[in-house]
$ cat target_0.cif   # mmCIF, C-alpha atoms
data_run
#
loop_
_atom_site.label_atom_id
_atom_site.label_comp_id
_atom_site.auth_asym_id
_atom_site.auth_seq_id
_atom_site.Cartn_x
_atom_site.Cartn_y
_atom_site.Cartn_z
CA MET A 1403 5.16 -4.73 39.71
CA LYS A 1404 3.89 -1.39 38.51
CA THR A 1405 5.35 -0.33 35.19
CA ASN A 1406 7.16 2.94 34.96
CA THR A 1407 6.21 4.60 31.70
CA SER A 1408 9.33 6.71 31.52
CA ALA A 1409 12.12 4.64 33.04
CA THR A 1410 14.09 2.08 31.04
CA ILE A 1411 13.46 -1.47 32.24
CA GLU A 1412 15.49 -4.66 31.92
CA VAL A 1413 13.59 -7.42 30.11
CA GLY A 1414 14.13 -9.92 32.92
CA SER A 1415 12.60 -7.58 35.50
CA LEU A 1416 9.16 -7.49 33.85
CA SER A 1417 6.40 -9.42 35.62
CA LYS A 1418 4.29 -11.94 33.72
CA SER A 1419 1.31 -9.55 33.61
CA ASP A 1420 3.49 -6.67 32.34
CA THR A 1421 4.92 -8.93 29.65
CA THR A 1422 1.41 -10.05 28.60
CA ILE A 1423 0.15 -6.44 28.41
CA SER A 1424 3.21 -5.46 26.36
CA ILE A 1425 2.65 -8.35 23.93
CA LEU A 1426 -1.03 -7.36 23.52
CA ILE A 1427 -0.09 -3.74 22.74
CA ILE A 1428 2.57 -4.84 20.24
CA GLY A 1429 -0.04 -7.21 18.76
CA LEU A 1430 -2.28 -4.19 18.14
CA LEU A 1431 0.64 -2.49 16.36
CA PHE A 1432 1.13 -5.51 14.10
CA PHE A 1433 -2.59 -5.47 13.29
CA ILE A 1434 -2.25 -1.83 12.20
CA PHE A 1435 0.89 -2.70 10.16
CA GLY A 1436 -1.07 -5.40 8.37
CA PHE A 1437 -4.17 -3.35 7.70
CA VAL A 1438 -2.20 -0.47 6.17
CA SER A 1439 0.34 -2.63 4.31
CA TRP A 1440 -1.80 -5.31 2.70
CA VAL A 1441 -4.37 -2.88 1.32
CA ASN A 1442 -1.73 -2.39 -1.42
CA ALA A 1443 -2.98 -5.68 -2.92
CA ILE A 1444 -6.18 -3.91 -3.99
CA LEU A 1445 -4.58 -0.48 -4.54
CA ILE A 1446 -2.31 -1.85 -7.29
CA PRO A 1447 -5.07 -3.01 -9.69
CA TYR A 1448 -7.27 -0.07 -8.60
CA PHE A 1449 -4.63 2.54 -9.48
CA LYS A 1450 -3.78 0.64 -12.66
CA ILE A 1451 -7.34 1.26 -13.87
CA ALA A 1452 -8.01 4.70 -12.38
CA CYS A 1453 -4.63 6.21 -13.34
CA GLU A 1454 -4.27 4.22 -16.61
CA LEU A 1455 -0.96 2.53 -15.80
CA THR A 1456 1.18 -0.30 -17.15
CA SER A 1457 1.92 -3.31 -14.92
CA PHE A 1458 5.36 -1.90 -14.14
CA GLN A 1459 3.94 1.51 -13.21
CA SER A 1460 1.24 -0.02 -11.01
CA TYR A 1461 3.85 -1.88 -8.94
CA LEU A 1462 5.42 1.49 -8.08
CA VAL A 1463 2.75 1.41 -5.34
CA ALA A 1464 4.79 -1.29 -3.58
CA PHE A 1465 8.07 0.45 -4.48
CA ALA A 1466 7.09 3.83 -3.03
CA PHE A 1467 5.64 2.22 0.09
CA TYR A 1468 8.51 -0.13 0.93
CA ILE A 1469 11.53 1.87 -0.26
CA ALA A 1470 10.81 4.07 2.77
CA TYR A 1471 12.10 1.20 4.92
CA PHE A 1472 15.49 1.45 3.19
CA VAL A 1473 15.59 5.22 3.66
CA MET A 1474 14.30 5.39 7.22
CA SER A 1475 15.41 2.24 9.06
CA VAL A 1476 18.80 3.44 10.33
CA PRO A 1477 17.56 6.98 11.16
CA ALA A 1478 14.67 5.27 13.00
CA SER A 1479 17.12 3.40 15.25
CA TYR A 1480 18.78 6.67 16.24
CA LEU A 1481 15.37 8.28 16.78
CA LEU A 1482 14.34 5.45 19.11
CA LYS A 1483 17.65 5.61 20.94
CA SER A 1484 17.18 9.36 21.43
CA VAL A 1485 13.51 9.61 22.44
CA GLY A 1486 12.66 6.03 23.48
CA PHE A 1487 10.32 3.41 22.11
CA LYS A 1488 6.97 4.99 22.95
CA LYS A 1489 7.62 8.54 21.78
CA GLY A 1490 9.24 7.10 18.66
CA MET A 1491 6.13 5.01 18.00
CA MET A 1492 3.97 8.12 18.34
CA VAL A 1493 6.11 9.86 15.71
CA GLY A 1494 5.69 6.79 13.48
CA PHE A 1495 1.90 6.84 13.77
CA TRP A 1496 1.77 10.57 13.05
CA ALA A 1497 3.94 10.12 9.94
CA MET A 1498 1.51 7.45 8.74
CA ALA A 1499 -1.40 9.85 9.40
CA LEU A 1500 0.28 12.52 7.27
CA GLY A 1501 0.69 10.02 4.43
CA ALA A 1502 -3.00 9.09 4.62
CA PHE A 1503 -4.00 12.77 4.45
CA ILE A 1504 -1.81 13.24 1.33
CA PHE A 1505 -4.23 10.90 -0.47
CA VAL A 1506 -6.85 13.67 -0.39
CA PRO A 1507 -5.09 16.15 -2.74
CA ALA A 1508 -3.81 13.19 -4.79
CA ALA A 1509 -7.38 11.99 -5.39
CA LEU A 1510 -8.71 15.49 -6.08
CA THR A 1511 -6.16 15.93 -8.88
CA ARG A 1512 -5.88 12.22 -9.91
CA THR A 1513 -2.12 12.57 -9.75
CA TYR A 1514 -0.35 9.22 -9.37
CA GLU A 1515 2.92 10.83 -8.24
CA ILE A 1516 1.19 12.46 -5.24
CA PHE A 1517 -0.33 9.10 -4.32
CA LEU A 1518 3.18 7.65 -4.39
CA MET A 1519 4.36 10.46 -2.10
CA GLY A 1520 1.57 9.60 0.34
CA LEU A 1521 2.50 5.91 0.25
CA PHE A 1522 6.17 6.78 0.83
CA THR A 1523 5.21 8.88 3.87
CA ILE A 1524 3.08 6.05 5.28
CA GLY A 1525 6.07 3.77 4.72
CA ILE A 1526 8.32 6.11 6.71
CA GLY A 1527 5.96 5.88 9.67
CA LEU A 1528 5.77 2.11 9.40
CA ALA A 1529 9.58 1.86 9.22
CA ILE A 1530 9.82 3.63 12.59
CA LEU A 1531 7.16 1.38 14.11
CA GLN A 1532 8.66 -1.82 12.71
CA THR A 1533 12.14 -0.84 13.91
CA ALA A 1534 10.70 -0.56 17.42
CA ALA A 1535 8.25 -3.45 17.45
CA ASN A 1536 10.24 -6.32 15.91
CA PRO A 1537 13.26 -6.31 18.26
CA TYR A 1538 10.86 -5.57 21.12
CA ILE A 1539 8.85 -8.75 20.58
CA THR A 1540 12.01 -10.76 19.80
CA ILE A 1541 13.64 -10.04 23.18
CA LEU A 1542 10.42 -9.90 25.26
CA GLY A 1543 10.74 -13.44 26.59
CA PRO A 1544 12.82 -16.63 26.19
CA LYS A 1545 14.99 -16.66 23.05
CA GLU A 1546 13.94 -20.20 22.07
CA ARG A 1547 10.28 -19.05 21.95
CA ALA A 1548 10.95 -15.92 19.88
CA ALA A 1549 9.60 -17.52 16.69
CA GLN A 1550 6.44 -18.47 18.60
CA ARG A 1551 5.88 -14.87 19.75
CA ILE A 1552 6.60 -13.51 16.27
CA SER A 1553 4.09 -16.02 14.86
CA ILE A 1554 1.44 -14.58 17.19
CA MET A 1555 2.31 -11.11 15.87
CA GLY A 1556 2.10 -12.52 12.36
CA ILE A 1557 -1.46 -13.69 13.00
CA CYS A 1558 -2.38 -10.14 14.04
CA ASN A 1559 -0.67 -8.78 10.92
CA LYS A 1560 -2.18 -11.24 8.45
CA ALA A 1561 -5.66 -11.19 10.01
CA ALA A 1562 -5.67 -7.46 9.32
CA GLY A 1563 -4.37 -8.24 5.84
CA ILE A 1564 -7.34 -10.53 5.20
CA LEU A 1565 -9.74 -7.78 6.22
CA SER A 1566 -8.11 -4.75 4.58
CA PRO A 1567 -8.52 -5.58 0.84
CA ILE A 1568 -12.09 -6.76 1.45
CA VAL A 1569 -13.03 -3.71 3.55
CA PHE A 1570 -11.30 -1.32 1.15
CA ALA A 1571 -12.96 -2.95 -1.87
CA ALA A 1572 -16.35 -2.77 -0.14
CA VAL A 1573 -15.86 0.96 0.45
CA ILE A 1574 -14.56 1.98 -2.98
CA LEU A 1575 -15.94 -0.58 -5.43
CA ARG A 1576 -19.55 -0.94 -6.58
CA PRO A 1577 -21.39 -3.84 -8.28
CA THR A 1578 -21.68 -1.78 -11.48
CA ASP A 1579 -17.91 -1.22 -11.71
CA THR A 1580 -17.36 -4.38 -13.78
CA ASP A 1581 -19.48 -2.85 -16.56
CA LEU A 1582 -17.72 0.50 -16.09
CA PHE A 1583 -14.27 -1.07 -16.49
CA ALA A 1584 -15.41 -2.87 -19.64
CA GLN A 1585 -16.76 0.38 -21.16
CA LEU A 1586 -13.73 2.60 -20.45
CA GLY A 1587 -12.03 1.70 -23.73
CA THR A 1588 -15.03 2.80 -25.79
CA MET A 1589 -15.69 6.11 -24.01
CA THR A 1590 -14.72 9.52 -25.32
CA ASP A 1591 -11.70 11.13 -23.64
CA THR A 1592 -13.93 13.55 -21.71
CA ALA A 1593 -16.32 10.85 -20.49
CA ARG A 1594 -13.49 8.49 -19.54
CA SER A 1595 -11.68 11.24 -17.62
CA ALA A 1596 -14.85 12.13 -15.70
CA ALA A 1597 -15.50 8.46 -14.87
CA LEU A 1598 -11.93 7.94 -13.66
CA ASP A 1599 -12.03 11.13 -11.59
CA GLU A 1600 -15.15 9.87 -9.83
CA LEU A 1601 -13.55 6.45 -9.33
CA ILE A 1602 -10.33 7.73 -7.77
CA ARG A 1603 -12.07 10.21 -5.43
CA ARG A 1604 -13.71 7.32 -3.62
CA VAL A 1605 -10.45 6.89 -1.64
CA ILE A 1606 -10.86 10.27 0.08
CA PRO A 1607 -13.32 9.30 2.88
CA PRO A 1608 -11.53 6.08 3.96
CA TYR A 1609 -8.04 7.63 3.98
CA ALA A 1610 -9.19 10.79 5.77
CA THR A 1611 -10.76 8.52 8.41
CA VAL A 1612 -7.61 6.38 8.67
CA GLY A 1613 -5.43 9.48 9.06
CA THR A 1614 -7.54 10.78 11.94
CA PHE A 1615 -7.52 7.36 13.62
CA LEU A 1616 -3.72 7.11 13.36
CA LEU A 1617 -3.26 10.54 14.95
CA VAL A 1618 -5.32 9.49 17.97
CA LEU A 1619 -3.73 6.04 18.17
CA GLY A 1620 -0.22 7.50 18.22
CA TYR A 1621 -1.05 9.57 21.28
CA LEU A 1622 -2.76 6.63 23.02
CA VAL A 1623 0.28 4.37 22.50
CA TYR A 1624 2.50 7.10 23.95
CA ARG A 1625 0.28 7.23 27.04
CA SER A 1626 0.00 3.42 27.29
CA PRO A 1627 1.68 1.27 29.99
CA LEU A 1628 4.12 -0.14 27.41
CA PRO A 1629 7.53 -0.16 29.18
CA GLU A 1630 10.79 1.14 27.75
CA ILE A 1631 13.05 -1.88 27.20
CA ASN A 1632 16.83 -1.73 27.67
CA THR A 1633 18.32 -3.30 24.53
CA GLU A 1634 21.83 -2.09 25.36
CA HIS A 1635 22.30 -4.67 28.13
CA GLU A 1636 24.66 -7.58 27.38
CA SER A 1637 25.19 -10.76 29.35
CA PRO A 1638 28.82 -11.36 30.41
CA GLU A 1639 29.14 -14.09 27.74
CA VAL A 1640 27.83 -11.87 24.94
CA ALA A 1641 29.88 -8.88 26.14
CA SER A 1642 33.03 -11.03 26.09
CA ALA A 1643 32.28 -12.37 22.60
CA ASN A 1644 31.59 -8.84 21.27
CA ALA A 1645 34.48 -7.14 23.07
CA GLY A 1646 36.54 -6.57 19.94
CA LYS A 1647 33.64 -5.65 17.67
CA SER A 1648 32.82 -2.11 16.67
CA SER A 1649 30.43 -2.58 13.73
CA ILE A 1650 27.36 -4.63 12.86
CA PHE A 1651 29.19 -5.65 9.67
CA GLN A 1652 31.34 -7.90 11.85
CA PHE A 1653 28.32 -10.20 12.32
CA PRO A 1654 28.00 -12.27 9.10
CA HIS A 1655 24.86 -14.07 10.27
CA LEU A 1656 23.20 -10.65 10.62
CA ILE A 1657 24.27 -9.37 7.19
CA LEU A 1658 23.25 -12.60 5.49
CA GLY A 1659 20.01 -12.45 7.49
CA ALA A 1660 19.28 -8.94 6.17
CA VAL A 1661 19.66 -10.27 2.61
CA ALA A 1662 17.33 -13.13 3.56
CA ILE A 1663 14.74 -10.65 4.88
CA PHE A 1664 15.07 -8.64 1.64
CA LEU A 1665 14.31 -11.70 -0.47
CA HIS A 1666 11.67 -13.15 1.87
CA VAL A 1667 9.51 -10.04 2.06
CA GLY A 1668 9.83 -9.61 -1.70
CA THR A 1669 8.52 -13.13 -2.30
CA GLN A 1670 5.74 -12.57 0.22
CA VAL A 1671 4.51 -9.34 -1.33
CA ILE A 1672 4.68 -10.83 -4.84
CA ALA A 1673 2.51 -13.75 -3.71
CA ILE A 1674 -0.11 -11.38 -2.30
CA ASP A 1675 0.05 -8.26 -4.48
CA THR A 1676 0.21 -10.04 -7.86
CA ILE A 1677 -2.44 -12.69 -7.35
CA ILE A 1678 -5.34 -10.40 -8.35
CA GLY A 1679 -3.60 -9.61 -11.63
CA TYR A 1680 -2.88 -13.30 -12.16
CA ALA A 1681 -6.55 -14.09 -11.55
CA ASN A 1682 -7.53 -11.33 -14.03
CA SER A 1683 -5.36 -13.06 -16.66
CA MET A 1684 -7.62 -16.12 -16.28
CA GLY A 1685 -10.75 -14.06 -16.99
CA ILE A 1686 -11.69 -13.52 -13.35
CA SER A 1687 -13.05 -10.00 -12.74
CA LEU A 1688 -11.61 -7.61 -10.14
CA LEU A 1689 -14.76 -7.88 -8.02
CA GLU A 1690 -14.33 -11.68 -7.83
CA ALA A 1691 -10.52 -11.68 -7.66
CA LYS A 1692 -10.40 -9.29 -4.67
CA VAL A 1693 -10.67 -12.26 -2.26
CA PHE A 1694 -7.54 -14.09 -3.49
CA PRO A 1695 -5.08 -12.06 -1.34
CA SER A 1696 -7.25 -13.01 1.64
CA TYR A 1697 -6.91 -16.70 0.74
CA THR A 1698 -3.12 -16.36 0.70
CA LEU A 1699 -3.12 -14.53 4.03
CA PHE A 1700 -5.49 -17.10 5.56
CA VAL A 1701 -3.11 -19.89 4.60
CA THR A 1702 -0.29 -17.83 6.14
CA ILE A 1703 -2.24 -17.63 9.41
CA CYS A 1704 -2.64 -21.43 9.32
CA GLY A 1705 1.15 -21.64 9.09
CA TYR A 1706 1.52 -19.32 12.08
CA LEU A 1707 -0.88 -21.48 14.12
CA ILE A 1708 1.17 -24.55 13.26
CA GLY A 1709 4.28 -22.67 14.39
CA ILE A 1710 2.72 -21.61 17.68
CA ALA A 1711 1.63 -25.20 18.39
CA THR A 1712 4.89 -26.89 17.42
CA ILE A 1713 7.79 -24.45 18.15
CA PRO A 1714 9.89 -25.33 20.16
CA ARG A 1715 8.03 -28.36 21.55
CA PHE A 1716 8.16 -30.52 18.42
CA ILE A 1717 10.40 -28.59 16.02
CA SER A 1718 13.08 -25.94 16.45
CA GLN A 1719 12.63 -22.53 14.86
CA ALA A 1720 15.65 -23.26 12.63
CA ASN A 1721 14.09 -26.49 11.31
CA ALA A 1722 10.76 -24.73 10.76
CA LEU A 1723 12.61 -22.18 8.65
CA ARG A 1724 14.21 -24.97 6.61
CA VAL A 1725 10.86 -26.66 5.92
CA CYS A 1726 9.22 -23.40 4.83
CA THR A 1727 12.03 -22.36 2.47
CA LEU A 1728 11.99 -25.79 0.79
CA LEU A 1729 8.19 -25.56 0.39
CA GLY A 1730 8.56 -22.12 -1.20
CA THR A 1731 10.99 -23.52 -3.77
CA LEU A 1732 8.62 -26.41 -4.58
CA PHE A 1733 5.49 -24.24 -4.85
CA THR A 1734 7.28 -21.79 -7.17
CA LEU A 1735 8.06 -24.61 -9.61
CA LEU A 1736 4.44 -25.79 -9.41
CA ILE A 1737 3.18 -22.26 -10.22
CA ILE A 1738 5.27 -22.37 -13.40
CA PHE A 1739 4.61 -25.94 -14.50
CA ALA A 1740 1.28 -27.09 -13.00
CA SER A 1741 -1.75 -26.54 -15.24
CA GLY A 1742 -5.36 -27.53 -15.71
CA THR A 1743 -8.65 -25.78 -14.95
CA VAL A 1744 -10.18 -26.55 -11.55
CA GLN A 1745 -13.32 -25.44 -9.72
CA PHE A 1746 -12.56 -24.60 -6.08
CA LEU A 1747 -14.17 -22.27 -3.50
CA GLY A 1748 -16.57 -21.06 -6.18
CA HIS A 1749 -13.78 -20.02 -8.58
CA ARG A 1750 -13.02 -21.61 -11.94
CA ALA A 1751 -9.31 -20.99 -12.47
CA ASP A 1752 -6.04 -22.60 -13.50
CA LEU A 1753 -4.57 -24.96 -10.89
CA SER A 1754 -1.39 -22.88 -10.67
CA ILE A 1755 -3.12 -19.97 -8.89
CA TRP A 1756 -3.70 -22.19 -5.85
CA PHE A 1757 0.05 -22.72 -5.54
CA VAL A 1758 0.39 -18.92 -5.38
CA VAL A 1759 -2.09 -19.11 -2.50
CA LEU A 1760 -0.01 -21.90 -0.88
CA LEU A 1761 3.04 -19.63 -0.93
CA GLY A 1762 1.33 -18.10 2.10
CA LEU A 1763 2.06 -21.33 3.99
CA ALA A 1764 5.66 -21.43 2.76
CA ASN A 1765 6.22 -17.81 3.79
CA SER A 1766 4.49 -18.08 7.18
CA LEU A 1767 7.43 -18.96 9.44
CA VAL A 1768 10.31 -17.52 7.42
CA TRP A 1769 10.22 -14.04 9.02
CA ALA A 1770 9.81 -15.59 12.48
CA GLY A 1771 12.72 -17.93 11.79
CA ILE A 1772 15.15 -15.34 10.46
CA TRP A 1773 14.79 -12.67 13.18
CA PRO A 1774 16.01 -14.61 16.23
CA LEU A 1775 18.78 -16.29 14.23
CA ALA A 1776 20.00 -12.98 12.78
CA LEU A 1777 19.85 -11.06 16.11
CA ASP A 1778 21.45 -13.87 18.11
CA GLY A 1779 24.38 -12.61 20.20
CA LEU A 1780 24.26 -8.98 19.02
CA GLY A 1781 23.99 -7.49 22.52
CA ARG A 1782 24.50 -3.73 22.37
CA PHE A 1783 24.28 -3.88 18.57
CA THR A 1784 20.66 -5.14 18.71
CA LYS A 1785 18.91 -1.85 17.80
CA LEU A 1786 21.22 -1.14 14.87
CA GLY A 1787 21.05 -4.79 13.79
CA ALA A 1788 17.26 -4.61 13.87
CA SER A 1789 17.45 -1.47 11.71
CA LEU A 1790 19.47 -3.36 9.14
CA LEU A 1791 16.88 -6.16 9.08
CA ILE A 1792 14.06 -3.61 8.73
CA MET A 1793 16.02 -2.02 5.88
CA GLY A 1794 15.70 -5.39 4.19
CA LEU A 1795 11.98 -4.71 3.89
CA CYS A 1796 12.81 -2.65 0.81
CA GLY A 1797 12.73 -6.04 -0.92
CA ASN A 1798 8.99 -5.39 -0.99
CA ALA A 1799 9.81 -2.36 -3.14
CA ILE A 1800 12.34 -3.91 -5.52
CA LEU A 1801 11.19 -7.45 -6.31
CA PRO A 1802 7.60 -6.56 -7.41
CA LEU A 1803 9.15 -4.22 -9.99
CA PHE A 1804 11.14 -7.14 -11.41
CA TYR A 1805 7.92 -9.14 -11.49
CA GLY A 1806 6.06 -6.27 -13.20
CA HIS A 1807 8.86 -5.85 -15.75
CA PHE A 1808 8.87 -9.52 -16.70
CA ALA A 1809 5.04 -9.59 -16.71
CA ASP A 1810 5.08 -6.80 -19.32
CA LEU A 1811 7.96 -8.45 -21.22
CA TYR A 1812 6.60 -12.01 -21.18
CA ASP A 1813 3.42 -12.77 -19.22
CA VAL A 1814 2.17 -12.75 -15.62
CA ARG A 1815 2.84 -16.48 -15.16
CA THR A 1816 6.39 -16.58 -16.52
CA ALA A 1817 7.23 -13.61 -14.28
CA TYR A 1818 6.92 -15.89 -11.21
CA TRP A 1819 10.38 -17.26 -12.10
CA VAL A 1820 11.59 -14.21 -10.12
CA LEU A 1821 10.74 -16.16 -6.96
CA PHE A 1822 12.96 -19.17 -7.66
CA PRO A 1823 16.45 -17.74 -6.94
CA CYS A 1824 14.99 -15.96 -3.89
CA TYR A 1825 13.87 -19.22 -2.33
CA LEU A 1826 17.18 -20.90 -3.19
CA TYR A 1827 19.01 -18.23 -1.15
CA LEU A 1828 16.55 -18.62 1.71
CA VAL A 1829 17.27 -22.37 1.73
CA PHE A 1830 21.00 -21.51 1.95
CA TYR A 1831 20.45 -19.18 4.93
CA ALA A 1832 18.22 -21.70 6.71
CA PHE A 1833 20.76 -24.52 6.41
CA ILE A 1834 24.13 -22.73 6.36
CA GLY A 1835 24.04 -18.91 6.40
CA HIS A 1836 22.79 -18.37 9.96
CA ARG A 1837 25.66 -20.51 11.32
CA ILE A 1838 28.37 -18.27 9.84
CA LYS A 1839 29.81 -16.18 12.71
CA THR A 1840 32.97 -14.89 11.06
CA TRP A 1841 33.93 -13.76 7.57
CA LYS A 1842 37.22 -15.66 7.81
CA ALA A 1843 37.37 -19.09 6.20
CA THR A 1844 37.77 -21.91 8.70
#
$ encode --input "target_0.cif" --output "C-alpha cells"
Amino acid sequence: MKTNTSATIEVGSLSKSDTTISILIIGLLFFIFGFVSWVNAILIPYFKIACELTSFQSYLVAFAFYIAYFVMSVPASYLLKSVGFKKGMMVGFWAMALGAFIFVPAALTRTYEIFLMGLFTIGIGLAILQTAANPYITILGPKERAAQRISIMGICNKAAGILSPIVFAAVILRPTDTDLFAQLGTMTDTARSAALDELIRRVIPPYATVGTFLLVLGYLVYRSPLPEINTEHESPEVASANAGKSSIFQFPHLILGAVAIFLHVGTQVIAIDTIIGYANSMGISLLEAKVFPSYTLFVTICGYLIGIATIPRFISQANALRVCTLLGTLFTLLIIFASGTVQFLGHRADLSIWFVVLLGLANSLVWAGIWPLALDGLGRFTKLGASLLIMGLCGNAILPLFYGHFADLYDVRTAYWVLFPCYLYLVFYAFIGHRIKTWKAT
C-alpha cells in the first residue's frame, strides 16, 4: 500500500514494507537521541574543569537536560494530539537545534548557567521526540515482540552513545590537555582564566554544526513517509475494560511503571555519566577515562542483542526484566564491596569499576521490559500514559544529583549505594508491580 503522509492510519492496516520503513526512521531518531544524550558523559567532567565546579554542580548538566522531560512530557502529548506525530517531531528537532545554538553565547562568556539553559532546551526537544517515538515503536507490531523492537531501538541509541563521547572528546580535547589540567592550580588568575576560556570555546564549532544538522533533519522527518498512527483506537475487549475509567491514575501498573522508569533511567545515567569520575579517582586521566562510558554502552548493546535473539522465543519480556533487575542489584553490591587492582583492556584499575561497566548489561532490557507492561490495556489513554512514562525520564535529572551530593559528602565509591534501593524497587515491579490492575486490595 502507498502511505498517506497526512491521514491517520490504523496500525493493523500497515503493510510489512511500510512497517519496516517506519521502524528504520524511528531507529534513526533513537540514534539521534543517543548521540545528543550520552555526550553528557564527557560534558560533565569537561564543564567541571572548564567552569571550575564541584561534583554536585557538574551533575547539574544531567539535571538541566533531563528535568525538561518532567516539564514537557504532558504538554508534548497534547502537542502531538493537536498537530500529529510528524509535525510534532519537527518541532522537537527544532527545539533541540535552538538548544545547540545557545551553546555559542554560553561558550563565548564561559557562563555555566547559559550552558544549562541550552541543555534544558535540548531536553525539551528530546521530550517531544521521545513522547512520539516510544509509544510508536511499542504499538508498531505484535505486543509480545514489543521488547524485541525496543531492543533494536536501544542498539541504535547506545551505538550512538558509544560514538558521541569519543567523537566529542576527539573534537574538543588535545593530547597536551593532561599537562594543562595539571598546571591549572599553579597558574595566576589571569592565565588560568585565559586557558579556561580557550578550553570552553572549543564547543562552539561542534554545537553550531549539530544545531544546523538538527534544523535540516526536522524538516526531512516531516517530509518523510512515516505514517500517522491512530493510538486512540481500542479493541472491544480493551474498550469494555476501560469503560468506567476517566484518568490514567486508574491504571496502577502504569503509575508504578512510571516510578520504575524514573528509577531505571536514573541508575542507567549514573552508570554511564559517573564512570569517568570514578576512573579519575583511581588515577586514570580524562584522556584515558573517556572510553569507559563506551564500554558500558557496548555491554548494553550486547544485552540488547541477547534480548533480540531470545525474546519471546526462549524467554518472555517479563522474565527478561526480572533477570536484569536482579543482576543490577547484584552488580551494585559488587561495586561497593569488590576490590583489587586488575589490568584489563589496557587499563590498570580497581576491579569494582568493571562492575559499573556491567551495569550496562543489567540495564539493557529494563526499559524494553517496562514499556509494554506499563502500556498494556491503556487503549485511548496510550498517548497520555506514554507521556507519564516519559516524564519518568526526569530520574536522569534527580538521581545523579544524589550521587554527586554523596560523592562530595563521602567519596565517589560510597555514593553508588544510591543505586541499591532503586534496583530493589525495579525487582518489585518486575515480579509484582506490573500485575497490579486495581488500587483496591483483593
$ residues_around --input "target_0.cif" --residues "segment 1759-1770 of chain A" --least-positions-apart "2" --cutoff "6 Å" --atoms "all atoms listed in the file" --output "PDB file with C-alpha atoms, in the frame of the given file"
ATOM      1  CA  ALA A1549       9.600 -17.520  16.690  1.00  0.00           C
ATOM      2  CA  ILE A1552       6.600 -13.510  16.270  1.00  0.00           C
ATOM      3  CA  THR A1698      -3.120 -16.360   0.700  1.00  0.00           C
ATOM      4  CA  VAL A1701      -3.110 -19.890   4.600  1.00  0.00           C
ATOM      5  CA  THR A1702      -0.290 -17.830   6.140  1.00  0.00           C
ATOM      6  CA  GLY A1705       1.150 -21.640   9.090  1.00  0.00           C
ATOM      7  CA  TYR A1706       1.520 -19.320  12.080  1.00  0.00           C
ATOM      8  CA  LEU A1723      12.610 -22.180   8.650  1.00  0.00           C
ATOM      9  CA  CYS A1726       9.220 -23.400   4.830  1.00  0.00           C
ATOM     10  CA  LEU A1729       8.190 -25.560   0.390  1.00  0.00           C
ATOM     11  CA  GLY A1730       8.560 -22.120  -1.200  1.00  0.00           C
ATOM     12  CA  TRP A1756      -3.700 -22.190  -5.850  1.00  0.00           C
ATOM     13  CA  PHE A1757       0.050 -22.720  -5.540  1.00  0.00           C
ATOM     14  CA  ILE A1772      15.150 -15.340  10.460  1.00  0.00           C
ATOM     15  CA  TRP A1773      14.790 -12.670  13.180  1.00  0.00           C
TER      16      TRP A1773
END
$ closest_residue --input "target_0.cif" --among "A:Phe1833, A:Phe1739, A:Phe1458, A:Tyr1480" --to "Thr1816 of chain A" --atoms "all atoms listed in the file"
A:Phe1739
$ atom_distance --input "target_0.cif" --atom1 "atom CA of Thr1669 of chain A" --atom2 "atom CA of Lys1839 of chain A"
26.2 Å
$ closest_residue --input "target_0.cif" --among "A:Val1829, A:Ile1469, A:Met1474, A:Ile1446" --to "Gly1797 of chain A" --atoms "only C-alpha atoms"
A:Ile1469
$ atom_distance --input "target_0.cif" --atom1 "atom CA of Ile1602 of chain A" --atom2 "atom CA of Asn1442 of chain A"
14.7 Å
$ closest_residue --input "target_0.cif" --among "A:Met1793, A:Ile1444, A:Val1618, A:Ile1564" --to "Tyr1697 of chain A" --atoms "all atoms listed in the file"
A:Ile1564
$ atom_distance --input "target_0.cif" --atom1 "atom CA of Tyr1461 of chain A" --atom2 "atom CA of Tyr1448 of chain A"
11.3 Å
$ residues_near_point --input "target_0.cif" --point "(12.1, -0.2, 21.0)" --cutoff "6 Å" --atoms "all atoms listed in the file" --output "count of residues only"
3
$ resolve_selection --input "target_0.cif" --expression "the PyMOL selection byres ((chain A and resi 1465) around 9)" --output "list in words"
Tyr1461, Leu1462, Val1463, Ala1464, Ala1466, Phe1467, Tyr1468, Ile1469, Ala1470, Leu1518, Phe1522, Cys1796, Gly1797, Asn1798, Ala1799, Ile1800, Leu1801, Pro1802 and Leu1803 of chain A
$ resolve_selection --input "target_0.cif" --expression "the PyMOL selection byres ((chain A and resi 1736) around 10)" --output "list in words"
Gly1730, Thr1731, Leu1732, Phe1733, Thr1734, Leu1735, Ile1737, Ile1738, Phe1739, Ala1740, Ser1741, Leu1753, Ser1754, Ile1755, Trp1756, Phe1757 and Val1758 of chain A
$ closest_residue --input "target_0.cif" --among "A:Gln1670, A:Ser1419, A:Ser1595, A:Ser1649" --to "Val1820 of chain A" --atoms "all atoms listed in the file"
A:Gln1670
$ residues_near_point --input "target_0.cif" --point "(14.7, -15.1, 18.6)" --cutoff "12 Å" --atoms "all atoms listed in the file" --output "count of residues only"
37
$ decode --input "target_0.cif" --residues "segment 1555-1560 of chain A" --atoms "N, CA and C atoms" --output "PDB file, in the first residue's frame"
ATOM      1  N   MET A1555      15.769  -0.547  18.899  1.00  0.00           N
ATOM      2  CA  MET A1555      15.910   0.901  19.060  1.00  0.00           C
ATOM      3  C   MET A1555      17.023   1.227  20.064  1.00  0.00           C
ATOM      4  N   GLY A1556      17.125   0.379  21.092  1.00  0.00           N
ATOM      5  CA  GLY A1556      18.167   0.582  22.090  1.00  0.00           C
ATOM      6  C   GLY A1556      19.558   0.449  21.500  1.00  0.00           C
ATOM      7  N   ILE A1557      19.716  -0.489  20.560  1.00  0.00           N
ATOM      8  CA  ILE A1557      21.012  -0.636  19.889  1.00  0.00           C
ATOM      9  C   ILE A1557      21.359   0.643  19.133  1.00  0.00           C
ATOM     10  N   CYS A1558      20.370   1.204  18.434  1.00  0.00           N
ATOM     11  CA  CYS A1558      20.605   2.471  17.724  1.00  0.00           C
ATOM     12  C   CYS A1558      21.004   3.565  18.705  1.00  0.00           C
ATOM     13  N   ASN A1559      20.306   3.621  19.856  1.00  0.00           N
ATOM     14  CA  ASN A1559      20.565   4.640  20.858  1.00  0.00           C
ATOM     15  C   ASN A1559      21.953   4.485  21.468  1.00  0.00           C
ATOM     16  N   LYS A1560      22.282   3.271  21.875  1.00  0.00           N
ATOM     17  CA  LYS A1560      23.544   3.049  22.583  1.00  0.00           C
ATOM     18  C   LYS A1560      24.735   3.043  21.633  1.00  0.00           C
TER      19      LYS A1560
END
